[in-house]
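Input: a single structure, listed below in structure tokens.
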Amino acid sequence: MPPTPKAAVIIGCIDGILPASDRAATALAVTQFGDVVVLCSPRGEEAALRYGLGAGARDVVPIEECNALVYLVGRGGAGVDGDLMVAQLATARHAALVLDVLDVEACADGVRVRRDLGRGAREELTVTGPAVLMVADDAPQRMYVSRFRQMMAAPPPVEAAANQPISWGPVRLRAKTADLTGRTAGAARDRMFAAFGLNDGGAATDAHIITADAEVCAEHLVRYLAHHGFVDRHFAAADAPVDRSEHRQASAVMPNVDHTLSDSSHVRSPRAVQGPAGGRHRRPRPYRLTVGRLGKLLRGPRPPGLAQPPRVRGPFPVSTMKVSTHG
Amino acid sequence: MPVNEPVTREIMGNVPMWLAVAFYMAALAACGWALLALVRRFRQHRRGRRAAPRESSSWVGSVAAVLGYLTFHRQLLRDRFAGVAHILLFYGFVVLFIGTCLVFLEHDTPLHFFYGRFYLVASLVIDLGGLAFLAGLSMFLYRRLFGNSRRILRRAYVAALLWLLLAIGLTGFVLEGARIAVDRPDFERWSVAGYAIGLGLNGIGIEGDAALRLHRFSWTVHAILCVVFFALLPWGFFSHMVYGAVSWALRTRRSRSTLRPVDLQAQARAKQVPGASTWPQLSWIDLLQADACTTCGRCNEVCPAHAAGKPLHPRDVVLGVREAMDSSDTLDLQSLIDADVLWSCTTCGACNEACPVGIEVYDKIVELRRGTVEAGVVPTAASDCFESSAEEFNPFRKPNADRMSWAAGLNVPVAAEGMPIELLYWVGCAGSFDPDGCSVSRSMVKILNHLGTSYRVLGTRERCTGDPARRMGEEGLFQELARANIVTLKNHGVQRVLTHCPHCFNSFRNEYPQLDDVAFEVEHHTQFLARMIAEGKLKAGNGVEQKVTFHDPCYLGRGNGETQAPRRVLSSLPQLTQVEMPRHGRESFCCGAGGGSLWLDVRGEDRVENIRAREAADTGADTIVTGCPFCKGMLAAGRESLDGPEIDVRDLAELVVQAEGL
């Protein structure tokens, strides 16, 4: 059985031209992960695959059959779906998603990622476990793949036909697609804020905006933080009459998560908060924010093993090694 | 040997038998050792890649070329001092060698001729040869010790070899003088130098037995030094006597700007990667040429990058290859030849032109560049240039859709697809996108329209000829672009191509035929203008009251031998005064743009274009005229560094437009 590839590059052309981000993604994968690299092209473009194989990628496989720990995606590989595609991939693989990646370095813990925060700011992250890294167009081109190498690389036939829709099973997006497809430019943070409707101060049509008193807002904030793993879920739902039996079934400890493609039972996403006129009305959980609990929140999550077993949650949390601001 | 003939001498009469036998055995061993070393070295050369097909003549022609070169020393006489010194040294050596062979034949064969008038004449000639030998050596040693020539390789082993040769020559005269000093026969006056030394020895009391002892001692020293010389023949700069002759015999007849053909398909079949990272990846001719290097430094002297203080020293590139051959097969050449050295080269070909043993220096540099490109390590500017050429078909990172922007307001006939074209005006990338080049294109269109010439341009279907890509080592991209252009030209049935860019001119004329059969003729716009003036179609009625100096583009003058057509055009323009820069014609100094240097720009102490602009300004000219859009742009940039009055930079076509009143 062939070894699980460490890294996969998802590469593609736009208007027949391989974007700089795809070239950079290929170079990063080959230079950091050696020959344990496979290549995927959603649309099976030969020019893109020749480039990747010429750069030193080991093999070409369809995305559905690819089982890598790290995915590097360029703008061409993401195609017209843009950030939606990588978001879907990250959700399906239970992987951390990092956008606007400028540099990647393989390390013992996982991968060290340097990403663009916009306006000259940079951030360095260490991602343990599966990761989907969307490479920025500004990422430096570390390697040049000559025409000779591209001509000599003969891409093997890819089983998945080109232009077939990507089907990764039931995936509930946690971000609005309407904001993502039209706004793939800009820093990752801006795009994230836009997806959650936090940029424009609350549009009337933005159903994700919660207008309530401070206590309710705090409850939502704590729930949001807990959902993304910044705080322990235990603190967020201590008094809530919620059946947690489904959570006790999760036994894998991060980061050793079985990130199989089909199992998405523990994928979580916030439910849409809609008005009383339509849809299911959802009330926030009755959580009382006390001084004691606030103190515990500020101290941080309890280490795993001391209380209840930590729940399986995706995406994996990222630890911020250093935040550097330039310019 | 009979001794009753009065006019002759006893050969090795004063040398004991054991010493003579020892000498012969040592000489044989040394020659055998040298021969083995040469054979071993030639075998090492053959480990290199197969050389590209060369346009050399038959072996008879090659031998004749070598003999002609050695007889007249034309290439060497470009440096008059060194050329004269080498002529003296060379002919002196040849005469002494022939003399030694005559003595050997007389002593060790049944032949008997070394007596009487023959002996007298031979004695005179051999002595004069010896004097010439010493004179040449003295000139070289003087320059090394007291001269200030910067191109001399001041290494101890080079000086030691010169001193060895000097010692051989001096001991030869001493032993002759000692022989004559024994009894000083009158006929020995024909040995002018030896007789004088004999007189001098007699004058200080050395005669009879003392002279015999001195003769035996100096003979022994002379013999030992000769044996050492034979043994060292395959090494150091002595080896140029062998490899230099072979290199000259095999030198290519290609134009200076033309690179060797590269068969990528054959390399792919042989599982080879283009370019060279290690010495066995170079061709065997490259390896042989590396051993032919005399370390004279003429390439350094003429190199524009070296003059600007960039890291490139062409001689060091060649010696680096030689050093690599003495090391491991897998030694990365970049450990000996830095990347900045490679990327400093402007591929002007001046080094190839100057080399006295026919070494193709810049071809090696391009080959090493190919190696770095295949390894994926190239400067960002170079990769940007490649990507732009591949995607937008120009290296300037401009959209291909803007290729015809230069023609705004002009009546420029663009060929429809498949339309037969008799005369294609090839605008080129510089002519389409670079402001300095665009003005040349506009001038040419005005001239062509004025002449009523039937011509077409390809418009946005024109692609870069691939010259920058090829010079920067992307051979695959060059061939891709070239083949596409060839197909386009064939589809249009193009008969003649007119271009104002010497790089495009060189590509069409010399490098495209390496890839495919091409049926079109190629003409540079300076040649076209000269022809139109000669045929009376251009009258140049308006005076051009300027003092101009013509800068010969490297790819036109030195590269393709065209230096007169632009000057004929200038001479036909009324009221124009023409002055020449010291380095003009085939010895023109580069503008600094070639070889991708327009994009790569390795920093040096000075800038190539500034040096050339100063040289032009020193002529007192108020206009620099050139025939290349790259040169025009670079010289325009270079004139900004000048302190004196403003000097204009114009293309020849622009002057003609002015003269014609268009």
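Please note that chains go A, B, ... in the order of the structure tokens, that every chain numbers its residues from 1, and that ligands are numbered from 1 in the order shown.
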Write out as JSON lines a residue-level contact list of chain A versus chain B with cut-off 9 Å: for each qualifying residue the closest pair of atoms and the distance in Å to one decimal, counting only C-alpha atoms, rows sorted by chain and residue number upward.
```
{"residue": "A:Gly16", "atom": "CA", "partner": "B:Glu391", "partner_atom": "CA", "distance": 8.9}
{"residue": "A:Ile17", "atom": "CA", "partner": "B:Glu391", "partner_atom": "CA", "distance": 6.9}
{"residue": "A:Ala55", "atom": "CA", "partner": "B:Gly376", "partner_atom": "CA", "distance": 8.3}
{"residue": "A:Pro140", "atom": "CA", "partner": "B:Thr380", "partner_atom": "CA", "distance": 8.8}
{"residue": "A:Gln141", "atom": "CA", "partner": "B:Thr380", "partner_atom": "CA", "distance": 7.4}
{"residue": "A:Arg142", "atom": "CA", "partner": "B:Val377", "partner_atom": "CA", "distance": 7.8}
{"residue": "A:Met143", "atom": "CA", "partner": "B:Gly376", "partner_atom": "CA", "distance": 5.1}
{"residue": "A:Tyr144", "atom": "CA", "partner": "B:Gly376", "partner_atom": "CA", "distance": 4.4}
{"residue": "A:Val145", "atom": "CA", "partner": "B:Gly376", "partner_atom": "CA", "distance": 5.6}
{"residue": "A:Ser146", "atom": "CA", "partner": "B:Glu374", "partner_atom": "CA", "distance": 5.8}
{"residue": "A:Arg147", "atom": "CA", "partner": "B:Gly476", "partner_atom": "CA", "distance": 5.0}
{"residue": "A:Phe148", "atom": "CA", "partner": "B:Gly476", "partner_atom": "CA", "distance": 5.0}
{"residue": "A:Arg149", "atom": "CA", "partner": "B:Glu374", "partner_atom": "CA", "distance": 7.4}
{"residue": "A:Met151", "atom": "CA", "partner": "B:Gly476", "partner_atom": "CA", "distance": 8.3}
{"residue": "A:Met152", "atom": "CA", "partner": "B:Ala268", "partner_atom": "CA", "distance": 7.3}
```
With N, CA and C atoms retained, could you export that selection as a PDB file, in the first residue's frame?
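Result file follows (part_37.pdb):
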```pdb
ATOM      1  N   GLY A  16      -6.131  29.521 -19.184  1.00  0.00           N
ATOM      2  CA  GLY A  16      -4.977  28.884 -19.809  1.00  0.00           C
ATOM      3  C   GLY A  16      -3.648  29.230 -19.193  1.00  0.00           C
ATOM      4  N   ILE A  17      -3.647  30.056 -18.173  1.00  0.00           N
ATOM      5  CA  ILE A  17      -2.390  30.496 -17.569  1.00  0.00           C
ATOM      6  C   ILE A  17      -2.345  29.997 -16.128  1.00  0.00           C
ATOM      7  N   ALA A  55       7.956  19.994 -11.781  1.00  0.00           N
ATOM      8  CA  ALA A  55       8.548  20.544 -10.564  1.00  0.00           C
ATOM      9  C   ALA A  55       9.026  19.452  -9.620  1.00  0.00           C
ATOM     10  N   PRO A 140       6.450  34.263  -2.547  1.00  0.00           N
ATOM     11  CA  PRO A 140       7.647  34.299  -3.403  1.00  0.00           C
ATOM     12  C   PRO A 140       7.788  33.012  -4.208  1.00  0.00           C
ATOM     13  N   GLN A 141       8.264  33.188  -5.440  1.00  0.00           N
ATOM     14  CA  GLN A 141       8.447  32.049  -6.333  1.00  0.00           C
ATOM     15  C   GLN A 141       9.809  31.430  -6.039  1.00  0.00           C
ATOM     16  N   ARG A 142       9.796  30.317  -5.340  1.00  0.00           N
ATOM     17  CA  ARG A 142      11.069  29.735  -4.918  1.00  0.00           C
ATOM     18  C   ARG A 142      11.718  28.898  -5.983  1.00  0.00           C
ATOM     19  N   MET A 143      10.963  28.474  -6.931  1.00  0.00           N
ATOM     20  CA  MET A 143      11.504  27.519  -7.887  1.00  0.00           C
ATOM     21  C   MET A 143      11.000  27.892  -9.262  1.00  0.00           C
ATOM     22  N   TYR A 144      11.838  27.665 -10.245  1.00  0.00           N
ATOM     23  CA  TYR A 144      11.406  27.847 -11.622  1.00  0.00           C
ATOM     24  C   TYR A 144      11.397  26.480 -12.296  1.00  0.00           C
ATOM     25  N   VAL A 145      10.329  26.168 -12.971  1.00  0.00           N
ATOM     26  CA  VAL A 145      10.234  24.882 -13.675  1.00  0.00           C
ATOM     27  C   VAL A 145      10.396  25.166 -15.164  1.00  0.00           C
ATOM     28  N   SER A 146      11.452  24.642 -15.700  1.00  0.00           N
ATOM     29  CA  SER A 146      11.777  24.971 -17.088  1.00  0.00           C
ATOM     30  C   SER A 146      10.785  24.328 -18.047  1.00  0.00           C
ATOM     31  N   ARG A 147      10.741  24.865 -19.247  1.00  0.00           N
ATOM     32  CA  ARG A 147       9.860  24.311 -20.287  1.00  0.00           C
ATOM     33  C   ARG A 147      10.271  22.882 -20.616  1.00  0.00           C
ATOM     34  N   PHE A 148      11.568  22.633 -20.558  1.00  0.00           N
ATOM     35  CA  PHE A 148      12.043  21.288 -20.870  1.00  0.00           C
ATOM     36  C   PHE A 148      11.455  20.292 -19.880  1.00  0.00           C
ATOM     37  N   ARG A 149      11.509  20.626 -18.609  1.00  0.00           N
ATOM     38  CA  ARG A 149      10.962  19.723 -17.602  1.00  0.00           C
ATOM     39  C   ARG A 149       9.461  19.560 -17.780  1.00  0.00           C
ATOM     40  N   MET A 151       7.853  19.851 -20.587  1.00  0.00           N
ATOM     41  CA  MET A 151       7.598  19.064 -21.797  1.00  0.00           C
ATOM     42  C   MET A 151       7.854  17.590 -21.548  1.00  0.00           C
ATOM     43  N   MET A 152       8.862  17.303 -20.724  1.00  0.00           N
ATOM     44  CA  MET A 152       9.206  15.900 -20.497  1.00  0.00           C
ATOM     45  C   MET A 152       8.251  15.208 -19.521  1.00  0.00           C
TER      46      MET A 152
END
```
Extract, using only C-alpha atoms, all DNA, RNA and protein residues at most 8 Å from stretch 536-545 of chain B, discarding same-chain residues fewer than 6 positions from it, and format them as a ChimeraX atom specification. /B:451,529,572-577,655-656,658-661
All residues 10 Å or closer to B:His86, only C-alpha atoms, same chain fewer than 2 positions away omitted, as a list of chain:residue names: B:His73, B:Leu76, B:Leu77, B:Arg80, B:Phe81, B:Ala82, B:Gly83, B:Val84, B:Leu88, B:Leu89, B:Phe90, B:Tyr91, B:Gly92, B:Ala132, B:Phe133, B:Ala135, B:Gly136, B:Leu137, B:Met139, B:Phe140
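Running DSSP on the backbone gives strand (DSSP E or B) for these residues within stretch 472-632 of chain B: Arg496, Val497, Leu498, Thr499, Glu521, Val522, Glu523, His524, Lys547, Val548, Thr549, Phe550, His551, Thr577, Gln578, Val579, Thr623, Ile624, Val625 and Thr626 of chain B.
For the pair atom CA of B:Ala617 and atom CA of B:Asp651, the interatomic distance is 16.7 Å.
Ranking A:Gly129, A:Ala108, A:Ala121, A:Val231 by their shortest atom-to-atom distance to A:Ala95, with only C-alpha atoms included, puts A:Gly129 first.
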Can you check which residues of stretch 191-411 of chain B DSSP gives as alpha helix (DSSP H) on the backbone and send them as a VMD selection string? chain B and resid 192 to 203 209 to 232 245 to 249 264 to 269 284 to 292 298 to 302 304 to 307 314 to 325 339 to 343 350 to 354 361 to 375 380 to 392
So which residues touch A:Glu45 within 9 Å, counting only C-alpha atoms, skipping near sequence neighbours fewer than 5 positions away, as a ChimeraX atom specification? /A:11-13,16,50,162
Counting only C-alpha atoms, what is within 7 Å of B:Asn352, bar same-chain residues fewer than 4 positions away, as an MDAnalysis selection string? chainID B and resid 358:362
Prev. selection, all heavy atoms, output as an mmCIF file, in the first residue's frame:
```cif
data_model
loop_
_atom_site.group_PDB
_atom_site.id
_atom_site.type_symbol
_atom_site.label_atom_id
_atom_site.label_comp_id
_atom_site.auth_asym_id
_atom_site.auth_seq_id
_atom_site.Cartn_x
_atom_site.Cartn_y
_atom_site.Cartn_z
ATOM 1 N N GLY B 358 40.772 30.487 -29.619
ATOM 2 C CA GLY B 358 39.449 30.108 -30.107
ATOM 3 C C GLY B 358 38.521 29.531 -29.056
ATOM 4 O O GLY B 358 37.614 28.768 -29.377
ATOM 5 N N ILE B 359 38.705 29.889 -27.799
ATOM 6 C CA ILE B 359 37.816 29.386 -26.755
ATOM 7 C C ILE B 359 36.482 30.114 -26.847
ATOM 8 O O ILE B 359 36.445 31.338 -26.970
ATOM 9 C CB ILE B 359 38.434 29.586 -25.354
ATOM 10 C CG1 ILE B 359 39.721 28.781 -25.243
ATOM 11 C CG2 ILE B 359 37.455 29.167 -24.263
ATOM 12 C CD1 ILE B 359 40.473 29.035 -23.960
ATOM 13 N N GLU B 360 35.395 29.364 -26.772
ATOM 14 C CA GLU B 360 34.057 29.951 -26.807
ATOM 15 C C GLU B 360 33.620 30.171 -25.366
ATOM 16 O O GLU B 360 32.992 29.314 -24.739
ATOM 17 C CB GLU B 360 33.107 29.012 -27.549
ATOM 18 C CG GLU B 360 33.490 28.864 -29.012
ATOM 19 C CD GLU B 360 32.920 27.587 -29.629
ATOM 20 O OE1 GLU B 360 32.354 26.751 -28.905
ATOM 21 O OE2 GLU B 360 33.066 27.437 -30.840
ATOM 22 N N VAL B 361 33.974 31.322 -24.860
ATOM 23 C CA VAL B 361 33.768 31.567 -23.423
ATOM 24 C C VAL B 361 32.289 31.754 -23.112
ATOM 25 O O VAL B 361 31.748 31.127 -22.184
ATOM 26 C CB VAL B 361 34.561 32.809 -22.962
ATOM 27 C CG1 VAL B 361 34.436 32.980 -21.460
ATOM 28 C CG2 VAL B 361 36.028 32.688 -23.350
ATOM 29 N N TYR B 362 31.633 32.618 -23.866
ATOM 30 C CA TYR B 362 30.265 32.926 -23.463
ATOM 31 C C TYR B 362 29.316 31.772 -23.761
ATOM 32 O O TYR B 362 28.273 31.646 -23.133
ATOM 33 C CB TYR B 362 29.818 34.277 -24.042
ATOM 34 C CG TYR B 362 28.883 34.261 -25.215
ATOM 35 C CD1 TYR B 362 27.517 34.045 -25.048
ATOM 36 C CD2 TYR B 362 29.340 34.563 -26.486
ATOM 37 C CE1 TYR B 362 26.652 34.094 -26.119
ATOM 38 C CE2 TYR B 362 28.475 34.604 -27.557
ATOM 39 C CZ TYR B 362 27.127 34.370 -27.366
ATOM 40 O OH TYR B 362 26.267 34.430 -28.427
#
```
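Shortest atom-to-atom contact with B:Arg461 among B:Phe23, B:Tyr425, B:Phe187, B:Phe393: B:Phe393, counting only C-alpha atoms.
From atom CA of B:Glu188 back to atom CA of B:Val103, the distance works out to 16.0 Å.
Using only C-alpha atoms, the nearest neighbour of A:Tyr71 within the list A:Pro130, A:Gly34, A:Gly120, A:Gly44 is A:Pro130.
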Can you pull out every residue within 12 Å of B:Gly68, counting only C-alpha atoms, but drop anything in the same chain fewer than 5 positions away, and send it as a list in words? Gly61, Ser62, Val63, His73, Arg74, Gln75, Ala245, Trp248 and Ala249 of chain B
Å distance separating atom CA of B:Leu336 from atom CA of B:Arg298, one decimal place: 20.8 Å
Write out, as JSON lines, each residue of stretch 135-244 of chain B that has an atom at most 9 Å from stretch 37-48 of chain B, together with the closest pair of atoms and their distance in Å to one decimal, counting only C-alpha atoms, rows going by chain and rising number.
```
{"residue": "B:Leu233", "atom": "CA", "partner": "B:Leu38", "partner_atom": "CA", "distance": 8.7}
{"residue": "B:Pro234", "atom": "CA", "partner": "B:Leu38", "partner_atom": "CA", "distance": 5.9}
{"residue": "B:Trp235", "atom": "CA", "partner": "B:Ala37", "partner_atom": "CA", "distance": 8.9}
{"residue": "B:Ser239", "atom": "CA", "partner": "B:Leu38", "partner_atom": "CA", "distance": 8.9}
{"residue": "B:Val242", "atom": "CA", "partner": "B:Leu38", "partner_atom": "CA", "distance": 8.8}
```
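The closest residue to B:Leu556, picked from B:Gln514, B:Asn449, B:Ser257, B:Ser283 and counting only C-alpha atoms, is B:Ser257.
Distances here use only C-alpha atoms; by that measure, the residue among B:Ala565, B:Cys226, B:Val21, B:Ala636 closest to B:Phe97 is B:Cys226.
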